[in-house]
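Undergrad: Coordinates in work_36.cif, mmCIF, C-alpha atoms and all ligand atoms, are listed below.
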```cif
data_coords
#
loop_
_atom_site.label_atom_id
_atom_site.label_comp_id
_atom_site.auth_asym_id
_atom_site.auth_seq_id
_atom_site.Cartn_x
_atom_site.Cartn_y
_atom_site.Cartn_z
CA MET T 1322 -133.77 -103.82 139.30
CA SER T 1323 -137.08 -102.02 139.81
CA ASN T 1324 -135.38 -98.72 140.70
CA GLN T 1325 -133.40 -98.70 137.44
CA PRO T 1326 -134.64 -96.03 135.03
CA ILE T 1327 -137.10 -96.24 132.17
CA GLY T 1328 -135.29 -95.23 128.96
CA ILE T 1329 -137.13 -93.11 126.42
CA PHE T 1330 -135.85 -92.01 123.02
CA ASP T 1331 -137.04 -89.99 120.06
CA SER T 1332 -135.51 -88.36 117.00
CA GLY T 1333 -135.65 -85.15 119.01
CA ILE T 1334 -137.79 -83.32 121.51
CA GLY T 1335 -141.21 -84.62 120.35
CA GLY T 1336 -141.12 -87.72 122.55
CA THR T 1337 -141.20 -85.42 125.58
CA SER T 1338 -144.98 -85.40 124.95
CA ILE T 1339 -144.88 -89.13 125.76
CA PHE T 1340 -142.49 -88.63 128.67
CA LYS T 1341 -144.99 -86.19 130.22
CA GLU T 1342 -147.78 -88.80 130.06
CA ILE T 1343 -145.50 -91.47 131.55
CA HIS T 1344 -144.27 -89.19 134.32
CA ALA T 1345 -147.84 -88.15 135.18
CA LEU T 1346 -148.98 -91.77 135.43
CA LEU T 1347 -145.81 -93.16 137.03
CA PRO T 1348 -144.32 -90.32 139.10
CA ASN T 1349 -142.13 -92.76 141.09
CA GLU T 1350 -140.24 -93.98 138.07
CA ASN T 1351 -136.73 -92.77 137.32
CA CYS T 1352 -136.42 -91.81 133.64
CA ILE T 1353 -133.67 -91.11 131.14
CA TYR T 1354 -134.69 -89.38 127.92
CA LEU T 1355 -132.53 -89.22 124.79
CA ALA T 1356 -133.30 -86.56 122.18
CA ASP T 1357 -131.40 -87.45 119.02
CA SER T 1358 -132.03 -83.94 117.67
CA LYS T 1359 -128.77 -83.95 115.68
CA ASN T 1360 -130.31 -86.60 113.42
CA ALA T 1361 -133.86 -85.21 113.27
CA PRO T 1362 -135.99 -85.65 111.32
CA TYR T 1363 -136.06 -89.45 111.07
CA GLY T 1364 -139.21 -89.21 108.96
CA ASN T 1365 -137.46 -88.98 105.58
CA LYS T 1366 -134.72 -91.52 106.30
CA SER T 1367 -134.60 -95.08 104.97
CA LYS T 1368 -135.73 -98.00 107.12
CA GLU T 1369 -132.09 -99.14 107.40
CA GLU T 1370 -130.96 -95.71 108.66
CA ILE T 1371 -133.83 -95.59 111.17
CA ILE T 1372 -132.85 -99.05 112.47
CA GLN T 1373 -129.19 -97.99 112.85
CA LEU T 1374 -130.14 -94.83 114.77
CA SER T 1375 -132.55 -96.82 116.95
CA ILE T 1376 -129.75 -99.32 117.76
CA LYS T 1377 -127.42 -96.47 118.75
CA ASN T 1378 -130.07 -94.94 121.04
CA THR T 1379 -130.97 -98.33 122.56
CA GLU T 1380 -127.34 -99.18 123.31
CA LEU T 1381 -126.80 -95.85 125.04
CA LEU T 1382 -129.89 -96.35 127.20
CA LEU T 1383 -128.81 -99.90 128.04
CA LYS T 1384 -125.38 -98.59 129.09
CA LYS T 1385 -127.29 -96.34 131.48
CA GLU T 1386 -128.95 -99.51 132.84
CA CYS T 1387 -132.50 -98.87 131.68
CA LYS T 1388 -134.95 -101.63 132.66
CA LEU T 1389 -137.40 -100.92 129.83
CA ILE T 1390 -137.21 -98.76 126.71
CA VAL T 1391 -139.98 -96.61 125.30
CA VAL T 1392 -139.52 -95.87 121.61
CA ALA T 1393 -141.28 -92.50 121.82
CA CYS T 1394 -141.29 -92.06 118.06
CA ASN T 1395 -143.84 -93.43 115.59
CA THR T 1396 -141.25 -93.46 112.82
CA ALA T 1397 -138.73 -95.51 114.84
CA THR T 1398 -141.46 -97.82 116.18
CA THR T 1399 -142.99 -98.60 112.81
CA ASN T 1400 -139.59 -99.18 111.17
CA ALA T 1401 -137.34 -100.56 113.88
CA ILE T 1402 -139.17 -102.01 116.90
CA SER T 1403 -139.35 -105.56 115.56
CA TYR T 1404 -135.58 -105.47 114.98
CA LEU T 1405 -134.99 -104.12 118.51
CA ARG T 1406 -137.27 -106.73 120.10
CA ALA T 1407 -135.49 -109.50 118.24
CA HIS T 1408 -132.00 -108.38 119.27
CA TYR T 1409 -132.30 -107.08 122.85
CA GLN T 1410 -133.73 -108.69 125.97
CA VAL T 1411 -135.18 -105.58 127.60
CA PRO T 1412 -138.93 -104.95 127.08
CA PHE T 1413 -139.74 -102.29 124.44
CA ILE T 1414 -142.88 -100.15 124.33
CA GLY T 1415 -143.65 -98.55 120.97
CA ILE T 1416 -146.03 -95.93 119.69
CA GLU T 1417 -148.21 -96.20 116.61
CA PRO T 1418 -150.82 -93.82 115.20
CA ALA T 1419 -154.18 -94.27 116.99
CA ILE T 1420 -156.04 -95.43 113.89
CA LYS T 1421 -158.07 -98.01 115.82
CA PRO T 1422 -160.02 -95.66 118.15
CA ALA T 1423 -160.55 -93.20 115.29
CA ALA T 1424 -161.91 -95.95 113.03
CA LEU T 1425 -164.17 -97.29 115.78
CA ASN T 1426 -165.69 -93.90 116.59
CA THR T 1427 -165.93 -92.05 113.27
CA LYS T 1428 -169.45 -91.13 112.18
CA THR T 1429 -168.49 -89.77 108.76
CA ASN T 1430 -166.32 -92.83 108.01
CA VAL T 1431 -163.50 -90.51 107.03
CA VAL T 1432 -160.44 -90.13 109.24
CA GLY T 1433 -157.41 -87.88 108.73
CA ILE T 1434 -153.89 -88.82 109.71
CA LEU T 1435 -150.89 -86.56 109.88
CA ALA T 1436 -147.59 -88.43 110.24
CA THR T 1437 -144.12 -88.73 108.77
CA GLN T 1438 -143.34 -90.36 105.46
CA GLY T 1439 -141.45 -93.10 107.34
CA THR T 1440 -144.53 -93.98 109.39
CA LEU T 1441 -147.07 -93.77 106.56
CA SER T 1442 -144.98 -95.93 104.25
CA SER T 1443 -144.20 -98.58 106.89
CA GLN T 1444 -145.55 -102.13 106.75
CA LEU T 1445 -146.68 -101.89 110.36
CA PHE T 1446 -148.87 -98.86 109.66
CA HIS T 1447 -150.47 -100.60 106.66
CA LYS T 1448 -151.06 -103.73 108.70
CA THR T 1449 -152.74 -101.78 111.50
CA SER T 1450 -154.89 -99.79 109.04
CA ASP T 1451 -155.97 -102.95 107.20
CA LEU T 1452 -156.82 -104.62 110.48
CA TYR T 1453 -158.82 -101.85 112.14
CA ALA T 1454 -159.91 -99.44 109.44
CA SER T 1455 -161.17 -101.47 106.53
CA GLY T 1456 -164.19 -99.68 105.07
CA ILE T 1457 -163.00 -96.35 106.49
CA GLU T 1458 -161.53 -93.73 104.21
CA ILE T 1459 -158.16 -92.57 105.55
CA ILE T 1460 -156.82 -89.24 104.31
CA GLU T 1461 -153.06 -89.44 104.82
CA LYS T 1462 -150.86 -86.36 104.87
CA ILE T 1463 -147.11 -86.33 105.38
CA GLY T 1464 -146.30 -83.54 107.81
CA GLU T 1465 -143.30 -82.43 105.73
CA GLY T 1466 -141.43 -79.57 107.41
CA ILE T 1467 -143.23 -79.69 110.77
CA VAL T 1468 -140.56 -81.49 112.83
CA PRO T 1469 -137.67 -79.19 111.79
CA LEU T 1470 -139.76 -76.14 112.75
CA ILE T 1471 -140.52 -77.62 116.19
CA GLU T 1472 -136.88 -78.64 116.69
CA ASN T 1473 -135.89 -75.05 115.87
CA GLY T 1474 -138.31 -73.53 118.36
CA LYS T 1475 -140.70 -72.23 115.69
CA LEU T 1476 -143.76 -73.95 117.09
CA GLU T 1477 -146.07 -70.98 116.84
CA SER T 1478 -144.61 -69.34 113.75
CA GLN T 1479 -146.60 -68.09 110.78
CA GLU T 1480 -144.74 -70.69 108.71
CA MET T 1481 -146.12 -73.44 110.93
CA LYS T 1482 -149.66 -72.09 110.70
CA SER T 1483 -149.58 -72.06 106.89
CA LEU T 1484 -148.07 -75.56 106.72
CA LEU T 1485 -150.79 -76.95 108.98
CA LYS T 1486 -153.53 -75.17 107.06
CA GLY T 1487 -152.29 -76.78 103.84
CA TYR T 1488 -152.36 -80.27 105.39
CA ILE T 1489 -155.71 -79.88 107.11
CA GLU T 1490 -157.77 -78.29 104.32
CA PRO T 1491 -158.00 -81.37 102.04
CA MET T 1492 -158.96 -83.44 105.09
CA LEU T 1493 -161.80 -81.07 105.94
CA GLN T 1494 -162.97 -81.11 102.34
CA ALA T 1495 -163.12 -84.90 102.58
CA ASN T 1496 -165.30 -84.54 105.71
CA ILE T 1497 -163.07 -86.06 108.43
CA ASP T 1498 -164.40 -86.12 111.98
CA TYR T 1499 -161.18 -87.46 113.55
CA LEU T 1500 -157.62 -86.27 113.10
CA VAL T 1501 -155.00 -88.77 114.22
CA LEU T 1502 -151.63 -87.32 115.23
CA GLY T 1503 -149.13 -89.94 114.12
CA CYS T 1504 -145.92 -88.29 115.30
CA THR T 1505 -144.89 -87.56 118.88
CA HIS T 1506 -143.87 -84.01 117.98
CA TYR T 1507 -147.43 -83.16 116.95
CA PRO T 1508 -149.26 -83.03 120.32
CA TYR T 1509 -147.45 -79.71 120.80
CA LEU T 1510 -149.48 -78.43 117.82
CA ILE T 1511 -152.86 -79.13 119.42
CA PRO T 1512 -153.60 -75.47 120.32
CA LEU T 1513 -152.85 -74.38 116.72
CA LEU T 1514 -154.84 -77.29 115.27
CA GLU T 1515 -157.82 -76.51 117.49
CA ASP T 1516 -157.88 -73.03 115.99
CA LEU T 1517 -157.92 -74.48 112.48
CA LEU T 1518 -160.40 -77.30 112.97
CA PRO T 1519 -164.17 -77.01 113.38
CA LYS T 1520 -165.41 -78.09 116.84
CA HIS T 1521 -166.81 -81.45 115.71
CA VAL T 1522 -163.39 -82.73 114.54
CA LYS T 1523 -161.65 -84.56 117.35
CA ILE T 1524 -157.90 -84.82 117.65
CA ILE T 1525 -156.39 -88.02 119.00
CA ASP T 1526 -152.87 -89.07 119.86
CA SER T 1527 -151.46 -92.17 121.49
CA GLY T 1528 -149.63 -90.64 124.48
CA LEU T 1529 -151.87 -91.82 127.31
CA ALA T 1530 -152.21 -95.31 125.78
CA VAL T 1531 -148.40 -95.60 125.72
CA ALA T 1532 -148.14 -94.55 129.37
CA LYS T 1533 -150.77 -97.14 130.37
CA GLN T 1534 -149.01 -99.85 128.36
CA THR T 1535 -145.70 -98.91 130.01
CA LYS T 1536 -147.31 -99.32 133.42
CA ALA T 1537 -148.87 -102.67 132.50
CA VAL T 1538 -145.60 -104.09 131.14
CA LEU T 1539 -143.62 -102.91 134.18
CA ASP T 1540 -146.25 -104.46 136.43
CA ASN T 1541 -146.30 -107.80 134.56
CA ASN T 1542 -142.51 -107.98 134.76
CA LYS T 1543 -142.49 -106.95 138.46
CA LEU T 1544 -140.45 -103.90 137.50
CA LEU T 1545 -142.60 -101.10 138.99
CA ASN T 1546 -140.49 -98.88 141.23
CA THR T 1547 -141.79 -99.23 144.78
CA SER T 1548 -139.32 -96.79 146.33
CA SER T 1549 -140.83 -93.62 147.78
CA ASN T 1550 -137.70 -91.53 147.03
CA LYS T 1551 -138.19 -88.59 144.68
CA SER T 1552 -137.70 -89.85 141.14
CA SER T 1553 -134.60 -88.89 139.15
CA ILE T 1554 -135.40 -87.54 135.67
CA LYS T 1555 -132.58 -86.81 133.23
CA PHE T 1556 -132.68 -85.51 129.69
CA PHE T 1557 -129.81 -85.86 127.23
CA SER T 1558 -129.75 -84.13 123.87
CA ASN T 1559 -127.17 -83.88 121.11
CA GLY T 1560 -128.89 -80.68 119.90
CA GLU T 1561 -129.78 -77.23 121.15
CA LEU T 1562 -130.80 -77.38 124.84
CA SER T 1563 -132.75 -74.12 124.87
CA VAL T 1564 -135.65 -75.50 122.80
CA LEU T 1565 -135.76 -78.68 124.91
CA ASN T 1566 -135.78 -76.60 128.09
CA SER T 1567 -138.58 -74.40 126.86
CA ILE T 1568 -140.75 -77.38 125.85
CA LEU T 1569 -140.14 -78.80 129.34
CA SER T 1570 -140.90 -75.41 130.94
CA ASN T 1571 -137.40 -75.59 132.48
CA ALA T 1572 -138.73 -78.13 134.97
CA PHE T 1573 -136.08 -80.85 134.54
CA ASP T 1574 -132.36 -81.49 134.44
CA THR T 1575 -131.14 -81.33 130.80
CA ASN T 1576 -127.63 -82.13 129.53
CA TYR T 1577 -125.81 -81.91 126.24
CA LEU T 1578 -124.31 -85.26 125.20
CA ASN T 1579 -122.51 -85.97 121.96
CA PHE T 1580 -124.03 -89.24 120.73
N1 LIG B 1 -141.29 -87.81 116.68
C1 LIG B 1 -141.18 -88.68 115.61
C2 LIG B 1 -142.35 -89.55 115.30
O1 LIG B 1 -143.13 -89.81 116.19
C3 LIG B 1 -140.20 -88.48 114.53
C4 LIG B 1 -140.38 -87.37 113.60
C5 LIG B 1 -139.18 -87.25 112.72
O2 LIG B 1 -138.07 -87.29 113.24
O3 LIG B 1 -139.36 -87.14 111.51
O4 LIG B 1 -142.52 -90.00 114.20
#
```
Rewrite the coordinates I just gave you, this time as structure tokens.
Ligand code: DGL
TA:
Amino acid sequence: MSNQPIGIFDSGIGGTSIFKEIHALLPNENCIYLADSKNAPYGNKSKEEIIQLSIKNTELLLKKECKLIVVACNTATTNAISYLRAHYQVPFIGIEPAIKPAALNTKTNVVGILATQGTLSSQLFHKTSDLYASGIEIIEKIGEGIVPLIENGKLESQEMKSLLKGYIEPMLQANIDYLVLGCTHYPYLIPLLEDLLPKHVKIIDSGLAVAKQTKAVLDNNKLLNTSSNKSSIKFFSNGELSVLNSILSNAFDTNYLNF
């Protein structure tokens, strides 16, 4: 079973930021990535819709015999992972905004978070914030419009720059010293954000933590791939492949699949 693939899904191409962390830490592991770009963004959908889409993605990955599934989407994790864990046997790894390290390290006691509406309104996000960030002011901004621009290959457009500026300015006025990226599409914005933010504001995302957790869970379940064969990495998307290919620097095998 250990040479079966890790399954990874996201509402689109953003979860490739998580795939890259996993592949760097676990280069031996075979991986199958599903980009549900046809249904992106998930961020404005109802909890019920997000659960249904997460079920569809999970079933497809299970058909492809995945041994573990990474929900590489904050919106799907915060709305659907408890349903998935209750209904399927395979281990699930989720991703949540890194509020805890930001709250532990802030000096100004003000932390910014950029995430989707679905994540910010979820019970899981509120639970995590109450647990780790009581006494810290959290400036929440919904990153409305960001995911569609990334999905359409407009990562570095003027439109993107003005959107980001509008989200970041009120956070800076409130004196944040940490900006938490609560959506797996957003790590691709780090170069633009670094241009907009003063040096003392640190950006954090949860990618490396997810990769480490994936490794730990595989290890605990004796599922780490011990084969020394070159790993097989496959990407499936029901959207435009050119944007996926460019975000992957054309380094992997990508396929269109109608799902
Ligand atoms: N990449 C996703 C996340 O982490 C989903 C964004 C969206 O589809 O709205 O939340």
Undergrad: Around all listed atoms of region 1439-1453 of chain T, padded 3 Å per side, what centre and edge lengths does the axis-aligned box have in Å to one decimal, as JSON?
TA:
```
{"center_x": -150.1, "center_y": -98.9, "center_z": 108.2, "size_x": 23.4, "size_y": 17.5, "size_z": 13.9}
```
Undergrad: Would you please work out which residue, of T:Met1481, T:Cys1504, T:Met1322, T:Leu1435, is nearest to ligand LIG 1 (chain B) when using all atoms listed in the file?
TA: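 Smallest distance to ligand LIG 1 (chain B) is found for T:Cys1504.
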Undergrad: With distances taken over all atoms listed in the file, which of T:Ser1332, T:Ser1338, T:Ser1455, T:Ser1483 is nearest to ligand LIG 1 (chain B)?
TA: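 For ligand LIG 1 (chain B), the nearest of the given residues is T:Ser1332.
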Undergrad: Would you mind listing, for every residue of chain T within 8 Å of ligand LIG 1 (chain B), the two atoms forming the shortest contact and the distance between them in Å to one decimal, using all atoms listed in the file, sorted by chain and ascending residue number, as CSV?
TA:
```
residue,atom,partner,partner_atom,distance
T:Asp1331,CA,B:LIG1,N1,5.9
T:Ser1332,CA,B:LIG1,O2,4.7
T:Gly1333,CA,B:LIG1,O2,6.6
T:Ile1334,CA,B:LIG1,N1,7.5
T:Gly1335,CA,B:LIG1,N1,4.9
T:Gly1336,CA,B:LIG1,N1,5.9
T:Asn1360,CA,B:LIG1,O2,7.8
T:Ala1361,CA,B:LIG1,O2,4.7
T:Pro1362,CA,B:LIG1,O2,3.3
T:Tyr1363,CA,B:LIG1,O2,3.7
T:Gly1364,CA,B:LIG1,O3,3.3
T:Asn1365,CA,B:LIG1,O3,6.5
T:Ala1393,CA,B:LIG1,O1,6.5
T:Cys1394,CA,B:LIG1,O1,3.5
T:Asn1395,CA,B:LIG1,O1,3.7
T:Thr1396,CA,B:LIG1,O4,3.9
T:Ala1397,CA,B:LIG1,O4,6.7
T:Ile1416,CA,B:LIG1,O1,7.6
T:Ala1436,CA,B:LIG1,O4,6.6
T:Thr1437,CA,B:LIG1,O3,5.7
T:Gln1438,CA,B:LIG1,O3,7.9
T:Gly1439,CA,B:LIG1,O3,7.6
T:Thr1440,CA,B:LIG1,O4,6.6
T:Val1468,CA,B:LIG1,C5,5.9
T:Gly1503,CA,B:LIG1,O1,6.3
T:Cys1504,CA,B:LIG1,O1,3.3
T:Thr1505,CA,B:LIG1,O1,3.9
T:His1506,CA,B:LIG1,N1,4.8
T:Tyr1507,CA,B:LIG1,N1,7.7
```
Undergrad: How far is it from CA of Thr1399 (chain T) to CA of Leu1517 (chain T), in Å with one decimal?
TA: 28.4 Å
Undergrad: Quick check, in Å to one decimal: how far apart do CA of Gln1444 (chain T) and CA of Gln1410 (chain T) lie?
TA: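 We find that CA of Gln1444 (chain T) and CA of Gln1410 (chain T) lie 23.5 Å from each other.
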Undergrad: Using all atoms listed in the file for the distances, tell me which of T:Asn1579, T:Ser1567, T:Ser1375, T:Asn1349 is nearest to Asn1473 (chain T).
TA: T:Ser1567
Undergrad: Give me, please, the distance in Å between CA of Leu1355 (chain T) and CA of Thr1575 (chain T), quoted to one decimal.
TA: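 Distance between the two atoms: 10.0 Å.
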Undergrad: Select all residues near (-127.9, -100.4, 127.8) (cut-off 12 Å, inclusive, file coordinates), counting all atoms listed in the file, and output them as a list of chain:residue names.
TA: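 Those residues lying close to the given coordinates are T:Gln1325, T:Pro1326, T:Ile1327, T:Gly1328, T:Ile1329, T:Ile1353, T:Ile1376, T:Lys1377, T:Asn1378, T:Thr1379, T:Glu1380, T:Leu1381, T:Leu1382, T:Leu1383, T:Lys1384, T:Lys1385, T:Glu1386, T:Cys1387, T:Lys1388, T:Leu1389, T:Ile1390, T:Tyr1409, T:Gln1410, T:Val1411, T:Pro1412.
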Undergrad: Ranking T:Phe1413, T:Tyr1509, T:Phe1330, T:Phe1446 by minimum distance to Glu1472 (chain T) and counting all atoms listed in the file, which one comes first?
TA: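 Residue with the minimum atom-to-atom distance to Glu1472 (chain T): T:Tyr1509.
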Undergrad: Restricting the calculation to all atoms listed in the file, which member of T:Leu1514, T:Leu1500, T:Leu1445, T:Leu1452 is positioned closest to Lys1482 (chain T)?
TA: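 Among the listed residues, the smallest separation from Lys1482 (chain T) belongs to T:Leu1514.
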Undergrad: Set the distance at 12 Å and use all atoms listed in the file: which residues neighbour Pro1519 (chain T) once local chain neighbours fewer than 3 positions away are removed? I'd like the list as a list in words.
TA: Ile1489, Glu1490, Met1492, Leu1493, Gln1494, Asn1496, Ile1497, Asp1498, Tyr1499, Leu1500, Leu1514, Glu1515, Asp1516, Val1522, Lys1523 and Ile1524 of chain T
Undergrad: Neighbouring residues of Asn1430 (chain T) were defined as those with any atom within 8 Å, considering only C-alpha atoms; residues of the same chain fewer than 6 positions away were excluded. Please report them as an MDAnalysis selection string.
TA: chainID T and resid 1424 1456:1458 1497
Undergrad: Could you pull the residues within 12 Å of Asp1540 (chain T), counting only C-alpha atoms, minus those fewer than 5 positions along the same chain, as a PyMOL selection string?
TA: chain T and resi 1323+1347+1389+1412+1533-1535+1545-1547
Undergrad: Can you put all heavy atoms back into region 1494-1504 of chain T and show it as a PDB file, in the frame of the given file?
TA:
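Ended up saving to out-v2.pdb:
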```pdb
ATOM      1  N   GLN T1494    -162.150 -80.975 103.544  1.00  0.00           N
ATOM      2  CA  GLN T1494    -162.970 -81.110 102.340  1.00  0.00           C
ATOM      3  C   GLN T1494    -163.495 -82.535 102.191  1.00  0.00           C
ATOM      4  O   GLN T1494    -164.573 -82.764 101.673  1.00  0.00           O
ATOM      5  CB  GLN T1494    -162.157 -80.731 101.100  1.00  0.00           C
ATOM      6  CG  GLN T1494    -162.248 -79.239 100.820  1.00  0.00           C
ATOM      7  CD  GLN T1494    -161.128 -78.747  99.934  1.00  0.00           C
ATOM      8  OE1 GLN T1494    -160.524 -79.533  99.199  1.00  0.00           O
ATOM      9  NE2 GLN T1494    -160.837 -77.469 100.010  1.00  0.00           N
ATOM     10  N   ALA T1495    -162.694 -83.506 102.684  1.00  0.00           N
ATOM     11  CA  ALA T1495    -163.120 -84.900 102.580  1.00  0.00           C
ATOM     12  C   ALA T1495    -164.062 -85.299 103.724  1.00  0.00           C
ATOM     13  O   ALA T1495    -164.499 -86.440 103.806  1.00  0.00           O
ATOM     14  CB  ALA T1495    -161.893 -85.814 102.575  1.00  0.00           C
ATOM     15  N   ASN T1496    -164.326 -84.335 104.642  1.00  0.00           N
ATOM     16  CA  ASN T1496    -165.300 -84.540 105.710  1.00  0.00           C
ATOM     17  C   ASN T1496    -164.804 -85.453 106.849  1.00  0.00           C
ATOM     18  O   ASN T1496    -165.558 -86.286 107.366  1.00  0.00           O
ATOM     19  CB  ASN T1496    -166.618 -85.076 105.116  1.00  0.00           C
ATOM     20  CG  ASN T1496    -167.795 -84.848 106.041  1.00  0.00           C
ATOM     21  OD1 ASN T1496    -167.723 -83.969 106.920  1.00  0.00           O
ATOM     22  ND2 ASN T1496    -168.848 -85.633 105.887  1.00  0.00           N
ATOM     23  N   ILE T1497    -163.558 -85.274 107.272  1.00  0.00           N
ATOM     24  CA  ILE T1497    -163.070 -86.060 108.430  1.00  0.00           C
ATOM     25  C   ILE T1497    -163.804 -85.599 109.697  1.00  0.00           C
ATOM     26  O   ILE T1497    -164.209 -84.447 109.808  1.00  0.00           O
ATOM     27  CB  ILE T1497    -161.546 -85.891 108.662  1.00  0.00           C
ATOM     28  CG1 ILE T1497    -161.174 -84.419 108.971  1.00  0.00           C
ATOM     29  CG2 ILE T1497    -160.734 -86.430 107.507  1.00  0.00           C
ATOM     30  CD1 ILE T1497    -159.830 -84.274 109.659  1.00  0.00           C
ATOM     31  N   ASP T1498    -163.951 -86.538 110.638  1.00  0.00           N
ATOM     32  CA  ASP T1498    -164.400 -86.120 111.980  1.00  0.00           C
ATOM     33  C   ASP T1498    -163.371 -86.502 113.052  1.00  0.00           C
ATOM     34  O   ASP T1498    -163.558 -86.189 114.221  1.00  0.00           O
ATOM     35  CB  ASP T1498    -165.805 -86.627 112.319  1.00  0.00           C
ATOM     36  CG  ASP T1498    -165.916 -88.136 112.274  1.00  0.00           C
ATOM     37  OD1 ASP T1498    -164.940 -88.804 111.865  1.00  0.00           O
ATOM     38  OD2 ASP T1498    -166.980 -88.669 112.645  1.00  0.00           O
ATOM     39  N   TYR T1499    -162.303 -87.180 112.642  1.00  0.00           N
ATOM     40  CA  TYR T1499    -161.180 -87.460 113.550  1.00  0.00           C
ATOM     41  C   TYR T1499    -159.879 -87.109 112.854  1.00  0.00           C
ATOM     42  O   TYR T1499    -159.706 -87.405 111.670  1.00  0.00           O
ATOM     43  CB  TYR T1499    -161.141 -88.957 113.948  1.00  0.00           C
ATOM     44  CG  TYR T1499    -162.067 -89.245 115.089  1.00  0.00           C
ATOM     45  CD1 TYR T1499    -163.417 -89.524 114.853  1.00  0.00           C
ATOM     46  CD2 TYR T1499    -161.618 -89.205 116.400  1.00  0.00           C
ATOM     47  CE1 TYR T1499    -164.294 -89.739 115.899  1.00  0.00           C
ATOM     48  CE2 TYR T1499    -162.489 -89.420 117.462  1.00  0.00           C
ATOM     49  CZ  TYR T1499    -163.807 -89.694 117.207  1.00  0.00           C
ATOM     50  OH  TYR T1499    -164.662 -89.904 118.253  1.00  0.00           O
ATOM     51  N   LEU T1500    -158.974 -86.503 113.605  1.00  0.00           N
ATOM     52  CA  LEU T1500    -157.620 -86.270 113.100  1.00  0.00           C
ATOM     53  C   LEU T1500    -156.663 -87.007 114.021  1.00  0.00           C
ATOM     54  O   LEU T1500    -156.590 -86.743 115.220  1.00  0.00           O
ATOM     55  CB  LEU T1500    -157.299 -84.766 113.098  1.00  0.00           C
ATOM     56  CG  LEU T1500    -155.825 -84.428 112.794  1.00  0.00           C
ATOM     57  CD1 LEU T1500    -155.437 -84.877 111.373  1.00  0.00           C
ATOM     58  CD2 LEU T1500    -155.555 -82.934 112.951  1.00  0.00           C
ATOM     59  N   VAL T1501    -155.945 -87.978 113.439  1.00  0.00           N
ATOM     60  CA  VAL T1501    -155.000 -88.770 114.220  1.00  0.00           C
ATOM     61  C   VAL T1501    -153.609 -88.138 114.097  1.00  0.00           C
ATOM     62  O   VAL T1501    -153.131 -87.896 112.981  1.00  0.00           O
ATOM     63  CB  VAL T1501    -154.949 -90.229 113.694  1.00  0.00           C
ATOM     64  CG1 VAL T1501    -153.910 -91.043 114.456  1.00  0.00           C
ATOM     65  CG2 VAL T1501    -156.325 -90.882 113.782  1.00  0.00           C
ATOM     66  N   LEU T1502    -152.991 -87.866 115.241  1.00  0.00           N
ATOM     67  CA  LEU T1502    -151.630 -87.320 115.230  1.00  0.00           C
ATOM     68  C   LEU T1502    -150.649 -88.479 115.311  1.00  0.00           C
ATOM     69  O   LEU T1502    -150.517 -89.119 116.350  1.00  0.00           O
ATOM     70  CB  LEU T1502    -151.429 -86.355 116.405  1.00  0.00           C
ATOM     71  CG  LEU T1502    -152.404 -85.168 116.476  1.00  0.00           C
ATOM     72  CD1 LEU T1502    -152.049 -84.249 117.633  1.00  0.00           C
ATOM     73  CD2 LEU T1502    -152.413 -84.390 115.154  1.00  0.00           C
ATOM     74  N   GLY T1503    -149.980 -88.745 114.198  1.00  0.00           N
ATOM     75  CA  GLY T1503    -149.130 -89.940 114.120  1.00  0.00           C
ATOM     76  C   GLY T1503    -147.658 -89.634 114.271  1.00  0.00           C
ATOM     77  O   GLY T1503    -146.823 -90.301 113.660  1.00  0.00           O
ATOM     78  N   CYS T1504    -147.327 -88.638 115.054  1.00  0.00           N
ATOM     79  CA  CYS T1504    -145.920 -88.290 115.300  1.00  0.00           C
ATOM     80  C   CYS T1504    -145.878 -87.649 116.684  1.00  0.00           C
ATOM     81  O   CYS T1504    -146.744 -86.829 117.008  1.00  0.00           O
ATOM     82  CB  CYS T1504    -145.455 -87.294 114.233  1.00  0.00           C
ATOM     83  SG  CYS T1504    -143.823 -86.587 114.562  1.00  0.00           S
TER      84      CYS T1504
END
```
